Structures are given as structure tokens and as C-alpha cells.
file entry-v4.tsv (TSV, C-alpha atoms)
chain	number	residue	atom	x	y	z
A	1	GLN	CA	-54.69	84.53	-27.19
A	2	ILE	CA	-54.69	83.47	-23.55
A	3	SER	CA	-50.91	83.62	-23.53
A	4	GLY	CA	-48.10	83.41	-26.02
A	5	ARG	CA	-48.28	79.62	-26.03
A	6	ILE	CA	-51.97	78.77	-25.76
A	7	GLY	CA	-54.68	79.51	-28.28
A	8	ARG	CA	-58.44	79.13	-27.93
A	9	ILE	CA	-61.13	76.96	-29.40
A	10	VAL	CA	-64.63	78.43	-29.34
A	11	SER	CA	-67.68	76.18	-29.37
A	12	ARG	CA	-71.33	77.03	-28.89
A	13	ASN	CA	-71.20	76.52	-25.14
A	14	SER	CA	-67.65	77.07	-24.04
A	15	GLU	CA	-64.17	78.26	-24.67
A	16	VAL	CA	-61.36	75.78	-24.28
A	17	PRO	CA	-57.62	76.36	-24.52
A	18	CYS	CA	-55.92	74.52	-27.28
A	19	ALA	CA	-52.42	73.25	-27.78
A	20	PRO	CA	-50.53	75.30	-30.37
A	21	PRO	CA	-50.16	73.84	-33.85
A	22	THR	CA	-47.20	71.54	-34.25
A	23	ASN	CA	-45.37	69.87	-37.10
A	24	SER	CA	-47.37	66.67	-37.55
A	25	GLY	CA	-44.53	65.20	-39.59
A	26	ALA	CA	-42.20	65.09	-36.61
A	27	MET	CA	-41.42	61.66	-35.21
A	28	PRO	CA	-43.01	61.39	-31.75
A	29	SER	CA	-40.72	60.48	-28.88
A	30	GLY	CA	-41.40	60.02	-25.21
A	31	HIS	CA	-40.89	63.58	-24.00
A	32	LEU	CA	-42.86	64.99	-26.94
A	33	MET	CA	-45.88	62.85	-26.04
A	34	THR	CA	-46.06	63.85	-22.38
A	35	MET	CA	-48.74	66.55	-22.65
A	36	PRO	CA	-51.67	64.19	-23.35
A	37	VAL	CA	-50.81	62.09	-20.28
A	38	LEU	CA	-50.46	65.20	-18.13
A	39	ILE	CA	-53.71	66.88	-19.22
A	40	VAL	CA	-55.88	63.74	-19.32
A	41	ASN	CA	-54.78	62.52	-15.89
A	42	MET	CA	-54.87	65.89	-14.15
A	43	GLY	CA	-58.23	66.49	-15.79
A	44	GLY	CA	-59.48	63.22	-14.36
A	45	GLU	CA	-58.32	64.27	-10.90
A	46	MET	CA	-60.13	67.59	-11.34
A	47	VAL	CA	-63.43	65.86	-12.13
A	48	TYR	CA	-63.02	63.52	-9.12
A	49	ILE	CA	-62.57	66.48	-6.77
A	50	LEU	CA	-65.44	68.47	-8.25
A	51	GLU	CA	-67.76	65.45	-8.02
A	52	GLN	CA	-66.82	64.90	-4.38
A	53	ARG	CA	-67.48	68.53	-3.48
A	54	LEU	CA	-70.80	68.61	-5.33
A	55	GLN	CA	-71.93	65.63	-3.28
A	56	ALA	CA	-70.56	67.01	0.00
A	57	GLN	CA	-72.44	70.28	-0.54
A	58	LYS	CA	-75.65	68.40	-1.38
A	59	ILE	CA	-75.99	70.00	-4.80
A	60	PRO	CA	-79.08	68.55	-6.58
A	61	ASP	CA	-78.18	65.55	-8.70
A	62	ALA	CA	-79.37	67.11	-11.95
A	63	LYS	CA	-77.34	70.29	-11.46
A	64	GLY	CA	-74.25	68.37	-10.31
A	65	GLN	CA	-74.45	66.05	-13.31
A	66	LYS	CA	-74.71	69.04	-15.64
A	67	VAL	CA	-71.56	70.58	-14.11
A	68	LEU	CA	-69.57	67.36	-14.56
A	69	ASN	CA	-70.86	66.75	-18.08
A	70	ASP	CA	-70.09	70.32	-19.16
A	71	VAL	CA	-66.53	70.11	-17.82
A	72	VAL	CA	-65.87	66.70	-19.41
A	73	ARG	CA	-67.46	67.78	-22.70
A	74	THR	CA	-65.16	70.81	-22.86
A	75	MET	CA	-62.11	68.81	-21.77
A	76	TYR	CA	-62.59	66.30	-24.60
A	77	TYR	CA	-63.68	68.75	-27.28
A	78	PRO	CA	-62.54	67.02	-30.52
A	79	ARG	CA	-60.26	69.76	-31.86
A	80	PHE	CA	-58.59	70.23	-28.48
A	81	ILE	CA	-57.88	66.48	-28.22
A	82	GLU	CA	-56.63	66.40	-31.81
A	83	GLU	CA	-54.09	69.16	-31.10
A	84	LEU	CA	-53.20	67.76	-27.68
A	85	PHE	CA	-52.08	64.42	-29.10
A	86	LYS	CA	-49.68	66.00	-31.57
A	87	PRO	CA	-45.98	65.76	-30.57
A	88	GLN	CA	-45.01	68.92	-28.67
A	89	GLU	CA	-42.82	70.23	-25.89
A	90	MET	CA	-44.10	70.33	-22.34
A	91	TYR	CA	-45.95	73.44	-21.17
A	92	SER	CA	-44.81	75.33	-18.11
A	93	ILE	CA	-46.84	74.80	-14.96
A	94	GLN	CA	-48.23	78.34	-15.36
A	95	SER	CA	-49.54	77.60	-18.87
A	96	THR	CA	-50.97	74.29	-17.68
A	97	ARG	CA	-52.76	76.11	-14.88
A	98	GLN	CA	-54.37	78.44	-17.44
A	99	ILE	CA	-55.78	75.44	-19.30
A	100	PHE	CA	-57.47	74.13	-16.19
A	101	ASP	CA	-58.70	77.56	-15.15
A	102	ARG	CA	-60.76	77.67	-18.32
A	103	LEU	CA	-61.83	74.03	-18.12
A	104	ALA	CA	-63.03	74.43	-14.52
A	105	HIS	CA	-65.17	77.43	-15.50
A	106	SER	CA	-66.64	75.92	-18.66
A	107	SER	CA	-69.92	75.16	-16.87
A	108	ILE	CA	-72.31	77.06	-14.58
A	109	MET	CA	-69.82	76.50	-11.75
A	110	ARG	CA	-67.60	79.37	-10.59
A	111	LEU	CA	-64.57	79.11	-8.32
A	112	ASN	CA	-62.80	81.98	-6.62
A	113	GLU	CA	-59.02	82.25	-6.93
A	114	SER	CA	-58.33	80.60	-3.57
A	115	SER	CA	-60.55	77.62	-4.43
A	116	MET	CA	-58.92	77.28	-7.85
A	117	ASP	CA	-55.47	77.31	-6.20
A	118	LYS	CA	-56.52	74.48	-3.90
A	119	LEU	CA	-58.11	72.55	-6.76
A	120	PHE	CA	-54.97	72.76	-8.89
A	121	ASP	CA	-52.73	71.76	-5.98
A	122	LEU	CA	-54.86	68.69	-5.30
A	123	MET	CA	-54.87	67.72	-8.98
A	124	ALA	CA	-51.09	68.12	-9.22
A	125	MET	CA	-50.28	66.22	-6.03
A	126	GLY	CA	-52.74	63.45	-6.88
A	127	PHE	CA	-51.13	62.80	-10.24
A	128	LYS	CA	-47.60	63.25	-8.85
A	129	TYR	CA	-48.35	60.50	-6.32
A	130	GLN	CA	-49.51	58.20	-9.12
A	131	ILE	CA	-46.45	58.85	-11.29
A	132	ILE	CA	-44.05	58.18	-8.42
A	133	SER	CA	-45.97	55.06	-7.37
A	134	CYS	CA	-45.91	53.42	-10.82
A	135	GLN	CA	-43.92	50.18	-10.62
A	136	ALA	CA	-42.91	50.53	-14.29
A	137	PRO	CA	-43.09	53.45	-16.75
A	138	GLN	CA	-45.59	51.59	-18.92
A	139	GLU	CA	-48.11	51.73	-16.06
A	140	MET	CA	-48.66	55.41	-16.86
A	141	VAL	CA	-50.91	54.24	-19.70
A	142	ASP	CA	-52.90	52.09	-17.26
A	143	VAL	CA	-53.24	55.08	-14.92
A	144	THR	CA	-54.56	57.13	-17.84
A	145	GLN	CA	-56.99	54.37	-18.81
A	146	ASN	CA	-58.25	54.17	-15.22
A	147	HIS	CA	-59.01	57.88	-15.17
A	148	LEU	CA	-60.91	57.64	-18.43
A	149	ASP	CA	-62.89	54.59	-17.27
A	150	VAL	CA	-64.01	56.36	-14.09
A	151	LEU	CA	-64.98	59.46	-16.10
A	152	LYS	CA	-67.24	57.32	-18.28
A	153	ARG	CA	-69.03	56.18	-15.15
A	154	LEU	CA	-69.30	59.70	-13.73
A	155	VAL	CA	-70.88	61.23	-16.84
A	156	GLY	CA	-73.70	58.69	-16.71
A	157	ASN	CA	-75.70	57.90	-19.83
A	158	THR	CA	-74.98	61.09	-21.75
A	159	SER	CA	-74.09	59.49	-25.08
A	160	SER	CA	-72.56	62.62	-26.63
A	161	VAL	CA	-70.07	62.93	-23.74
A	162	LEU	CA	-69.35	59.19	-23.65
A	163	GLU	CA	-68.42	59.31	-27.33
A	164	LEU	CA	-65.87	62.04	-26.64
A	165	VAL	CA	-64.26	60.03	-23.85
A	166	ASP	CA	-64.22	56.89	-26.02
A	167	GLU	CA	-62.42	58.84	-28.75
A	168	CYS	CA	-59.77	59.92	-26.24
A	169	ILE	CA	-59.34	56.27	-25.18
A	170	ARG	CA	-58.75	55.40	-28.82
A	171	GLN	CA	-56.19	58.19	-29.15
A	172	VAL	CA	-54.35	56.89	-26.07
A	173	GLN	CA	-54.18	53.39	-27.52
A	174	VAL	CA	-52.87	54.68	-30.84
A	175	ALA	CA	-50.32	57.06	-29.32
A	176	TYR	CA	-48.86	54.74	-26.66
A	177	GLY	CA	-49.67	51.21	-27.82
A	178	GLY	CA	-46.37	50.80	-29.65
A	179	MET	CA	-44.17	53.09	-27.54
A	180	THR	CA	-40.77	51.73	-26.56
A	181	LEU	CA	-39.53	51.37	-23.00
A	182	SER	CA	-36.97	54.13	-23.54
A	183	ASP	CA	-39.71	56.53	-24.66
A	184	PHE	CA	-41.83	55.62	-21.65
A	185	ASN	CA	-38.85	56.37	-19.44
A	186	ALA	CA	-38.33	59.73	-21.17
A	187	MET	CA	-42.01	60.57	-20.67
A	188	ARG	CA	-41.87	59.68	-16.98
A	189	GLN	CA	-38.74	61.80	-16.53
A	190	SER	CA	-40.51	64.75	-18.17
A	191	LEU	CA	-43.41	64.39	-15.75
A	192	CYS	CA	-41.08	64.11	-12.76
A	193	ARG	CA	-39.31	67.31	-13.81
A	194	PHE	CA	-42.68	69.02	-14.20
A	195	PHE	CA	-43.66	68.17	-10.61
A	196	GLN	CA	-40.17	68.50	-9.12
A	197	ASP	CA	-40.10	70.33	-5.77
A	198	ARG	CA	-43.91	70.59	-5.71
A	199	LYS	CA	-44.65	69.37	-2.18
A	200	VAL	CA	-48.07	70.67	-1.23
A	201	LYS	CA	-49.40	68.82	1.81
A	202	VAL	CA	-52.78	67.17	1.26
A	203	SER	CA	-54.86	66.03	4.23
A	204	LEU	CA	-56.07	62.88	2.49
A	205	PHE	CA	-52.52	61.73	1.73
A	206	LEU	CA	-51.22	62.65	5.17
A	207	HIS	CA	-54.07	60.70	6.78
A	208	ASP	CA	-53.35	57.66	4.59
A	209	GLN	CA	-49.61	57.98	5.29
A	210	THR	CA	-48.85	58.20	1.58
A	211	GLN	CA	-47.26	61.61	2.20
A	212	ASN	CA	-44.70	62.71	4.76
A	213	GLY	CA	-45.00	65.78	6.95
A	214	ASP	CA	-42.63	67.72	4.66
A	215	GLY	CA	-44.90	67.10	1.66
A	216	SER	CA	-42.75	64.41	0.03
A	217	ILE	CA	-44.44	61.28	-1.35
A	218	VAL	CA	-43.89	57.91	0.33
A	219	VAL	CA	-42.58	55.48	-2.29
A	220	PRO	CA	-43.82	51.91	-1.73
A	221	SER	CA	-41.10	49.34	-1.02
A	222	SER	CA	-43.40	46.33	-1.41
A	223	GLY	CA	-46.36	45.25	-3.45
A	224	THR	CA	-47.02	43.40	-6.70
A	225	LEU	CA	-44.57	43.39	-9.57
A	226	PRO	CA	-45.84	45.00	-12.79
A	227	ALA	CA	-47.13	42.82	-15.59
A	228	THR	CA	-44.16	43.92	-17.72
A	229	SER	CA	-41.64	42.34	-15.29
A	230	HIS	CA	-41.63	38.90	-13.70
A	231	PHE	CA	-38.28	39.40	-12.00
A	232	ALA	CA	-37.78	40.34	-8.37
A	233	PRO	CA	-35.70	43.43	-7.48
A	234	GLY	CA	-31.99	42.63	-7.68
A	235	THR	CA	-32.27	40.36	-10.72
A	236	VAL	CA	-29.40	40.84	-13.20
A	237	ARG	CA	-29.78	39.24	-16.62
A	238	TYR	CA	-26.85	38.81	-19.02
A	239	PHE	CA	-27.37	38.76	-22.78
A	240	GLN	CA	-25.18	37.77	-25.69
A	241	GLY	CA	-26.22	37.97	-29.31
A	242	GLY	CA	-29.68	39.06	-28.23
A	243	GLN	CA	-30.21	35.95	-26.09
A	244	GLU	CA	-30.13	35.62	-22.31
A	245	VAL	CA	-27.12	33.55	-21.31
A	246	SER	CA	-27.14	33.79	-17.52
A	247	ARG	CA	-28.88	35.39	-14.56
A	248	ASP	CA	-27.83	36.52	-11.07
A	249	GLN	CA	-29.90	37.45	-8.06
A	250	LEU	CA	-28.22	40.15	-6.00
A	251	PRO	CA	-29.33	40.57	-2.39
A	252	THR	CA	-31.68	43.51	-1.90
A	253	VAL	CA	-33.53	44.58	1.22
A	254	SER	CA	-37.04	44.45	-0.25
A	255	ALA	CA	-36.74	41.60	-2.79
A	256	ASN	CA	-38.96	39.27	-0.74
A	257	SER	CA	-41.60	41.97	-0.26
A	258	TRP	CA	-42.73	41.86	-3.88
A	259	ALA	CA	-45.34	39.40	-5.10
A	260	PRO	CA	-45.29	38.04	-8.67
A	261	ALA	CA	-47.30	39.89	-11.28
A	262	SER	CA	-50.99	39.04	-11.08
A	263	GLY	CA	-52.01	40.32	-14.51
A	264	VAL	CA	-54.43	42.77	-12.88
A	265	ARG	CA	-54.16	46.40	-13.95
A	266	THR	CA	-52.87	48.86	-11.37
A	267	ALA	CA	-55.48	50.62	-9.25
A	268	LEU	CA	-53.61	53.93	-9.54
A	269	GLY	CA	-55.74	56.55	-11.23
A	270	GLY	CA	-58.96	55.48	-9.51
A	271	ASN	CA	-61.14	57.91	-7.59
A	272	VAL	CA	-59.68	58.23	-4.07
A	273	TYR	CA	-62.33	60.78	-3.14
A	274	GLU	CA	-65.23	58.34	-3.24
A	275	LYS	CA	-67.38	57.95	-0.15
A	276	ASP	CA	-65.77	54.71	0.95
A	277	ARG	CA	-62.44	56.47	1.41
A	278	GLN	CA	-63.17	59.73	3.20
A	279	ALA	CA	-60.51	62.20	4.24
A	280	PRO	CA	-60.42	63.26	7.93
A	281	ALA	CA	-63.07	65.76	8.96
A	282	GLU	CA	-60.82	68.79	8.77
A	283	ALA	CA	-60.12	68.05	5.10
A	284	LEU	CA	-63.75	68.62	4.14
A	285	PRO	CA	-64.64	72.21	5.04
A	286	ALA	CA	-68.12	73.52	4.38
A	287	ALA	CA	-68.86	75.60	1.31
A	288	ALA	CA	-68.26	79.31	1.56
A	289	PRO	CA	-71.57	81.13	2.18
A	290	HIS	CA	-71.22	83.21	-0.98
A	291	GLU	CA	-70.69	80.13	-3.16
A	292	PRO	CA	-73.65	77.89	-2.34
A	293	ALA	CA	-73.86	76.22	-5.73
A	294	ALA	CA	-70.18	75.80	-6.51
A	295	PRO	CA	-67.56	73.44	-5.08
A	296	GLY	CA	-65.61	76.39	-3.77
A	297	ALA	CA	-64.34	74.62	-0.65
A	298	LEU	CA	-62.05	71.75	-1.41
A	299	PRO	CA	-60.15	69.11	0.56
A	300	THR	CA	-57.30	70.79	2.36
A	301	ALA	CA	-54.11	71.49	0.43
A	302	ALA	CA	-51.85	73.42	2.77

call {"tool": "encode", "arguments": {"input": "entry-v4.tsv", "output": "C-alpha cells"}}
result
Amino acid sequence: QISGRIGRIVSRNSEVPCAPPTNSGAMPSGHLMTMPVLIVNMGGEMVYILEQRLQAQKIPDAKGQKVLNDVVRTMYYPRFIEELFKPQEMYSIQSTRQIFDRLAHSSIMRLNESSMDKLFDLMAMGFKYQIISCQAPQEMVDVTQNHLDVLKRLVGNTSSVLELVDECIRQVQVAYGGMTLSDFNAMRQSLCRFFQDRKVKVSLFLHDQTQNGDGSIVVPSSGTLPATSHFAPGTVRYFQGGQEVSRDQLPTVSANSWAPASGVRTALGGNVYEKDRQAPAEALPAAAPHEPAAPGALPTAA
């Protein structure tokens, strides 16, 4: 065992940590279905960062593609995904880190401990920003879908890897398609507790003013209302016998700053490390001389 809580799955090419067996007969609730959202989204952030560093270090396309495909293939190994989507309690942040340590080293790439620390901090802060910025709890599924869609593009035309990602998309639809609002709220609260007090400063976020100097995330006070709500902030609806009987609009500071829902899926979960959105120069240090073929230097996480 890797630890008391994480087992291992062994395939021909890699070793991947697996969620412990759970009672499949248990009724899933929001907080028991948090692990898939956590692992899939943080895994997506990990692939974004690795892809950006492979390009920045001018790694040959064929080698870089192999690294990304190997990591994604291991991340979506069928038995791992099957166990991940079973209802279970949240892992500690230490156990979660162990999962990603093994995933990150499932290819020819090798990261030293300092680089892995930076990678994990960037993954955690990237997903924390997305969770806090969701306009409604249900948008967490859209964020997850966005990560998976970008991964399909990054792995190219490798059909065997694309099939694994497509299967995860199907699992997401099955697991969360019928989830109630209360369960979505419970899942979001579990994620907020997981990231509570984690305030690592990231150069990209500081440059974009989505993070304050103390590491806290800037919560948007304007934007577009989520598709699940057509009511401006401050709307109070009164119900009787299951039917709405009246409605009040209380004055709020930012009510006029929100546009009606457009029906377009949130952009949260997209790849913020793409070339058209570069971090400031100091956030992109050169590779360490002793790691010429690995994304050992990562955008700054102080």
C-alpha cells in the first residue's frame, strides 16, 4: 500500500493509486461524491501546466505528446475511474497529493520534490479559484466538463486515450445528471473545506488581479447569471402549496451588475496557461539544467 487509505492498480506501463473499495449499495449524497470532481479537475489543471512547460522548454512535439498521453492514460485507467466514482469520504490533502505524485511520474517525465510542490500548489489554487468563482453549485459539473473537453484536444488523435476520457465524461453525466441542489451545495462545501486556508500566491493570478496580495481569491461581484437562475441578486420569492405566490426585489449593491443568463456554459475550467494568456516573465523560469527533458520549472507559486 502507498498509505493506509490508498491502494494501487498495476498496469503494463504504470502504477496508479486507486480509491479504496466502498460499499456500492450506499446511497450517494453530495459530500460522498466530491472525490471525482476533485481528482478530475485537479488532474486537468496538472495536464494544462505540464503541457505549458513542455512547450516553454521546447521539448520535441512527439516526446511532449507521449508525456501528456501517458499521464492522461494513467489518470483515466478504467479500474481507477470505476473506484473513484463510488461514494466515499473525502481524502486528506496529503493522501490526494500522493495520488498526483504517482500520476505525474507515470510517464518518462521526472520531477524533483520542489517542482512537484509547485505543481501541486498551482493545481490546487487553480481549482480553488474555479470553485469560488462558480455562480451556482451546479456549475461545478460544467467546470469538470470543460477540463475533460480540453484534455480531449490535448491528447490529439490517440483513440485509446480519447476512449478513456469519453468514458469519464459518461461517468460524470451519470453521477451528477440527477443530483439535487442540496447535494451540489454539500459537494461545494466539502471542496471549500478541503481548500480552506490554502492561500498560495500564484504569479498568473496576481497579474490578472484574480488573487490578492495575501493569497486570497477575488470573488467576482458582476458578470452573467448562471443558466440555473434567471433572478437578479436580492430577489425573494414566496411559495405556498408548492406554487410561487409573490416576489420581492430587495436592494443590493451589485444587482444591476449582473446580466441575464445567456445559456452559454461557463468558461471556468479552461486552459489559462495557453499562449494567448501568458503569465508575466518572472512566472516562467527556465528549466533547471539537470532536468532538460522534464517540466521541472513551473509558473511561480510562492

call {"tool": "closest_residue", "arguments": {"input": "entry-v4.tsv", "among": "A:Gln240, A:Asn112, A:Ser107, A:Asn185", "to": "Asp70 of chain A", "atoms": "all atoms listed in the file"}}
result
A:Ser107

call {"tool": "closest_residue", "arguments": {"input": "entry-v4.tsv", "among": "A:Lys63, A:His31, A:Arg73, A:Arg53", "to": "Ser159 of chain A", "atoms": "all atoms listed in the file"}}
result
A:Arg73

call {"tool": "atom_distance", "arguments": {"input": "entry-v4.tsv", "atom1": "atom CA of Ser221 of chain A", "atom2": "atom CA of Ala136 of chain A"}}
result
13.4 Å

call {"tool": "residues_around", "arguments": {"input": "entry-v4.tsv", "residues": "Phe231 of chain A", "least_positions_apart": "6", "cutoff": "10 Å", "atoms": "only C-alpha atoms", "output": "ChimeraX atom specification"}}
result
/A:225,237,249,255,258-261

call {"tool": "write_last_selection", "arguments": {"input": "entry-v4.tsv", "atoms": "C-alpha atoms", "output": "PDB file, in the frame of the given file"}}
result
ATOM      1  CA  LEU A 225     -44.570  43.390  -9.570  1.00  0.00           C
ATOM      2  CA  ARG A 237     -29.780  39.240 -16.620  1.00  0.00           C
ATOM      3  CA  GLN A 249     -29.900  37.450  -8.060  1.00  0.00           C
ATOM      4  CA  ALA A 255     -36.740  41.600  -2.790  1.00  0.00           C
ATOM      5  CA  TRP A 258     -42.730  41.860  -3.880  1.00  0.00           C
ATOM      6  CA  ALA A 259     -45.340  39.400  -5.100  1.00  0.00           C
ATOM      7  CA  PRO A 260     -45.290  38.040  -8.670  1.00  0.00           C
ATOM      8  CA  ALA A 261     -47.300  39.890 -11.280  1.00  0.00           C
TER       9      ALA A 261
END

call {"tool": "atom_distance", "arguments": {"input": "entry-v4.tsv", "atom1": "atom CA of Gln196 of chain A", "atom2": "atom CA of Leu148 of chain A"}}
result
25.2 Å

call {"tool": "atom_distance", "arguments": {"input": "entry-v4.tsv", "atom1": "atom CA of Val40 of chain A", "atom2": "atom CA of Leu103 of chain A"}}
result
11.9 Å

call {"tool": "residues_near_point", "arguments": {"input": "entry-v4.tsv", "point": "(-64.5, 63.5, -26.6)", "cutoff": "12 Å", "atoms": "only C-alpha atoms", "output": "JSON, numbers by chain"}}
result
{"A": [40, 69, 70, 71, 72, 73, 74, 75, 76, 77, 78, 79, 80, 81, 82, 148, 151, 152, 155, 158, 159, 160, 161, 162, 163, 164, 165, 166, 167, 168, 169, 170, 171]}

call {"tool": "write_last_selection", "arguments": {"input": "entry-v4.tsv", "atoms": "C-alpha atoms", "output": "PDB file, in the coordinates of the input"}}
result
ATOM      1  CA  VAL A  40     -55.880  63.740 -19.320  1.00  0.00           C
ATOM      2  CA  ASN A  69     -70.860  66.750 -18.080  1.00  0.00           C
ATOM      3  CA  ASP A  70     -70.090  70.320 -19.160  1.00  0.00           C
ATOM      4  CA  VAL A  71     -66.530  70.110 -17.820  1.00  0.00           C
ATOM      5  CA  VAL A  72     -65.870  66.700 -19.410  1.00  0.00           C
ATOM      6  CA  ARG A  73     -67.460  67.780 -22.700  1.00  0.00           C
ATOM      7  CA  THR A  74     -65.160  70.810 -22.860  1.00  0.00           C
ATOM      8  CA  MET A  75     -62.110  68.810 -21.770  1.00  0.00           C
ATOM      9  CA  TYR A  76     -62.590  66.300 -24.600  1.00  0.00           C
ATOM     10  CA  TYR A  77     -63.680  68.750 -27.280  1.00  0.00           C
ATOM     11  CA  PRO A  78     -62.540  67.020 -30.520  1.00  0.00           C
ATOM     12  CA  ARG A  79     -60.260  69.760 -31.860  1.00  0.00           C
ATOM     13  CA  PHE A  80     -58.590  70.230 -28.480  1.00  0.00           C
ATOM     14  CA  ILE A  81     -57.880  66.480 -28.220  1.00  0.00           C
ATOM     15  CA  GLU A  82     -56.630  66.400 -31.810  1.00  0.00           C
ATOM     16  CA  LEU A 148     -60.910  57.640 -18.430  1.00  0.00           C
ATOM     17  CA  LEU A 151     -64.980  59.460 -16.100  1.00  0.00           C
ATOM     18  CA  LYS A 152     -67.240  57.320 -18.280  1.00  0.00           C
ATOM     19  CA  VAL A 155     -70.880  61.230 -16.840  1.00  0.00           C
ATOM     20  CA  THR A 158     -74.980  61.090 -21.750  1.00  0.00           C
ATOM     21  CA  SER A 159     -74.090  59.490 -25.080  1.00  0.00           C
ATOM     22  CA  SER A 160     -72.560  62.620 -26.630  1.00  0.00           C
ATOM     23  CA  VAL A 161     -70.070  62.930 -23.740  1.00  0.00           C
ATOM     24  CA  LEU A 162     -69.350  59.190 -23.650  1.00  0.00           C
ATOM     25  CA  GLU A 163     -68.420  59.310 -27.330  1.00  0.00           C
ATOM     26  CA  LEU A 164     -65.870  62.040 -26.640  1.00  0.00           C
ATOM     27  CA  VAL A 165     -64.260  60.030 -23.850  1.00  0.00           C
ATOM     28  CA  ASP A 166     -64.220  56.890 -26.020  1.00  0.00           C
ATOM     29  CA  GLU A 167     -62.420  58.840 -28.750  1.00  0.00           C
ATOM     30  CA  CYS A 168     -59.770  59.920 -26.240  1.00  0.00           C
ATOM     31  CA  ILE A 169     -59.340  56.270 -25.180  1.00  0.00           C
ATOM     32  CA  ARG A 170     -58.750  55.400 -28.820  1.00  0.00           C
ATOM     33  CA  GLN A 171     -56.190  58.190 -29.150  1.00  0.00           C
TER      34      GLN A 171
END

call {"tool": "residues_near_point", "arguments": {"input": "entry-v4.tsv", "point": "(-54.6, 61.4, -19.5)", "cutoff": "8 Å", "atoms": "only C-alpha atoms", "output": "MDAnalysis selection string"}}
result
chainID A and resid 36:44 143:145 147:148 172

call {"tool": "write_last_selection", "arguments": {"input": "entry-v4.tsv", "atoms": "C-alpha atoms", "output": "JSON list (two decimals), in the frame of the given file"}}
result
[["chain", "number", "residue", "atom", "x", "y", "z"],
["A", 36, "PRO", "CA", -51.67, 64.19, -23.35],
["A", 37, "VAL", "CA", -50.81, 62.09, -20.28],
["A", 38, "LEU", "CA", -50.46, 65.20, -18.13],
["A", 39, "ILE", "CA", -53.71, 66.88, -19.22],
["A", 40, "VAL", "CA", -55.88, 63.74, -19.32],
["A", 41, "ASN", "CA", -54.78, 62.52, -15.89],
["A", 42, "MET", "CA", -54.87, 65.89, -14.15],
["A", 43, "GLY", "CA", -58.23, 66.49, -15.79],
["A", 44, "GLY", "CA", -59.48, 63.22, -14.36],
["A", 143, "VAL", "CA", -53.24, 55.08, -14.92],
["A", 144, "THR", "CA", -54.56, 57.13, -17.84],
["A", 145, "GLN", "CA", -56.99, 54.37, -18.81],
["A", 147, "HIS", "CA", -59.01, 57.88, -15.17],
["A", 148, "LEU", "CA", -60.91, 57.64, -18.43],
["A", 172, "VAL", "CA", -54.35, 56.89, -26.07]]

call {"tool": "closest_residue", "arguments": {"input": "entry-v4.tsv", "among": "A:Tyr48, A:Tyr238, A:Tyr273, A:Tyr176", "to": "Leu154 of chain A", "atoms": "all atoms listed in the file"}}
result
A:Tyr48

call {"tool": "closest_residue", "arguments": {"input": "entry-v4.tsv", "among": "A:Leu250, A:Leu54, A:Met140, A:Ala186", "to": "Lys128 of chain A", "atoms": "all atoms listed in the file"}}
result
A:Met140

call {"tool": "closest_residue", "arguments": {"input": "entry-v4.tsv", "among": "A:Ser229, A:Thr252, A:Thr266, A:Ser115", "to": "Ile49 of chain A", "atoms": "all atoms listed in the file"}}
result
A:Ser115

call {"tool": "closest_residue", "arguments": {"input": "entry-v4.tsv", "among": "A:Gln55, A:Asn157, A:Thr34, A:Asn256", "to": "Leu84 of chain A", "atoms": "only C-alpha atoms"}}
result
A:Thr34

call {"tool": "residues_around", "arguments": {"input": "entry-v4.tsv", "residues": "Val272 of chain A", "least_positions_apart": "2", "cutoff": "12 Å", "atoms": "all atoms listed in the file", "output": "PyMOL selection string"}}
result
chain A and resi 44-49+51-52+122-123+126-127+129-130+146-147+150+204-205+208+267-270+274-279+299

call {"tool": "axis_aligned_box", "arguments": {"input": "entry-v4.tsv", "around": "segment 145-158 of chain A", "padding_each_side": "5 Å", "output": "AutoDock Vina command-line options"}}
result
--center_x -66.3 --center_y 57.7 --center_z -17.7 --size_x 28.7 --size_y 17.1 --size_z 18.0

call {"tool": "decode", "arguments": {"input": "entry-v4.tsv", "residues": "segment 207-217 of chain A", "atoms": "N, CA, C and O atoms", "output": "mmCIF file, in the first residue's frame"}}
result
data_model
loop_
_atom_site.group_PDB
_atom_site.id
_atom_site.type_symbol
_atom_site.label_atom_id
_atom_site.label_comp_id
_atom_site.auth_asym_id
_atom_site.auth_seq_id
_atom_site.Cartn_x
_atom_site.Cartn_y
_atom_site.Cartn_z
ATOM 1 N N HIS A 207 -1.097 38.665 -11.422
ATOM 2 C CA HIS A 207 -1.004 39.524 -12.599
ATOM 3 C C HIS A 207 -2.380 39.847 -13.155
ATOM 4 O O HIS A 207 -2.642 40.965 -13.626
ATOM 5 N N ASP A 208 -3.280 38.861 -13.137
ATOM 6 C CA ASP A 208 -4.636 39.055 -13.651
ATOM 7 C C ASP A 208 -5.575 39.685 -12.628
ATOM 8 O O ASP A 208 -6.750 39.889 -12.917
ATOM 9 N N GLN A 209 -5.062 39.949 -11.437
ATOM 10 C CA GLN A 209 -5.840 40.546 -10.347
ATOM 11 C C GLN A 209 -7.036 39.667 -9.954
ATOM 12 O O GLN A 209 -8.076 40.166 -9.543
ATOM 13 N N THR A 210 -6.867 38.358 -10.107
ATOM 14 C CA THR A 210 -7.861 37.430 -9.580
ATOM 15 C C THR A 210 -7.439 36.898 -8.215
ATOM 16 O O THR A 210 -8.144 36.068 -7.634
ATOM 17 N N GLN A 211 -6.296 37.372 -7.709
ATOM 18 C CA GLN A 211 -5.820 36.995 -6.389
ATOM 19 C C GLN A 211 -5.232 38.225 -5.717
ATOM 20 O O GLN A 211 -4.572 39.051 -6.357
ATOM 21 N N ASN A 212 -5.516 38.358 -4.424
ATOM 22 C CA ASN A 212 -4.979 39.472 -3.652
ATOM 23 C C ASN A 212 -3.565 39.167 -3.178
ATOM 24 O O ASN A 212 -3.108 38.026 -3.235
ATOM 25 N N GLY A 213 -2.888 40.194 -2.690
ATOM 26 C CA GLY A 213 -1.517 40.040 -2.231
ATOM 27 C C GLY A 213 -1.357 39.081 -1.073
ATOM 28 O O GLY A 213 -0.270 38.552 -0.855
ATOM 29 N N ASP A 214 -2.439 38.840 -0.303
ATOM 30 C CA ASP A 214 -2.355 37.894 0.817
ATOM 31 C C ASP A 214 -2.690 36.471 0.395
ATOM 32 O O ASP A 214 -2.762 35.564 1.230
ATOM 33 N N GLY A 215 -2.912 36.257 -0.904
ATOM 34 C CA GLY A 215 -3.202 34.916 -1.405
ATOM 35 C C GLY A 215 -4.674 34.577 -1.499
ATOM 36 O O GLY A 215 -5.027 33.506 -2.017
ATOM 37 N N SER A 216 -5.556 35.454 -1.001
ATOM 38 C CA SER A 216 -6.990 35.183 -1.081
ATOM 39 C C SER A 216 -7.490 35.407 -2.508
ATOM 40 O O SER A 216 -6.910 36.178 -3.271
ATOM 41 N N ILE A 217 -8.574 34.728 -2.859
ATOM 42 C CA ILE A 217 -9.151 34.808 -4.197
ATOM 43 C C ILE A 217 -10.140 35.961 -4.271
ATOM 44 O O ILE A 217 -10.930 36.180 -3.351
#
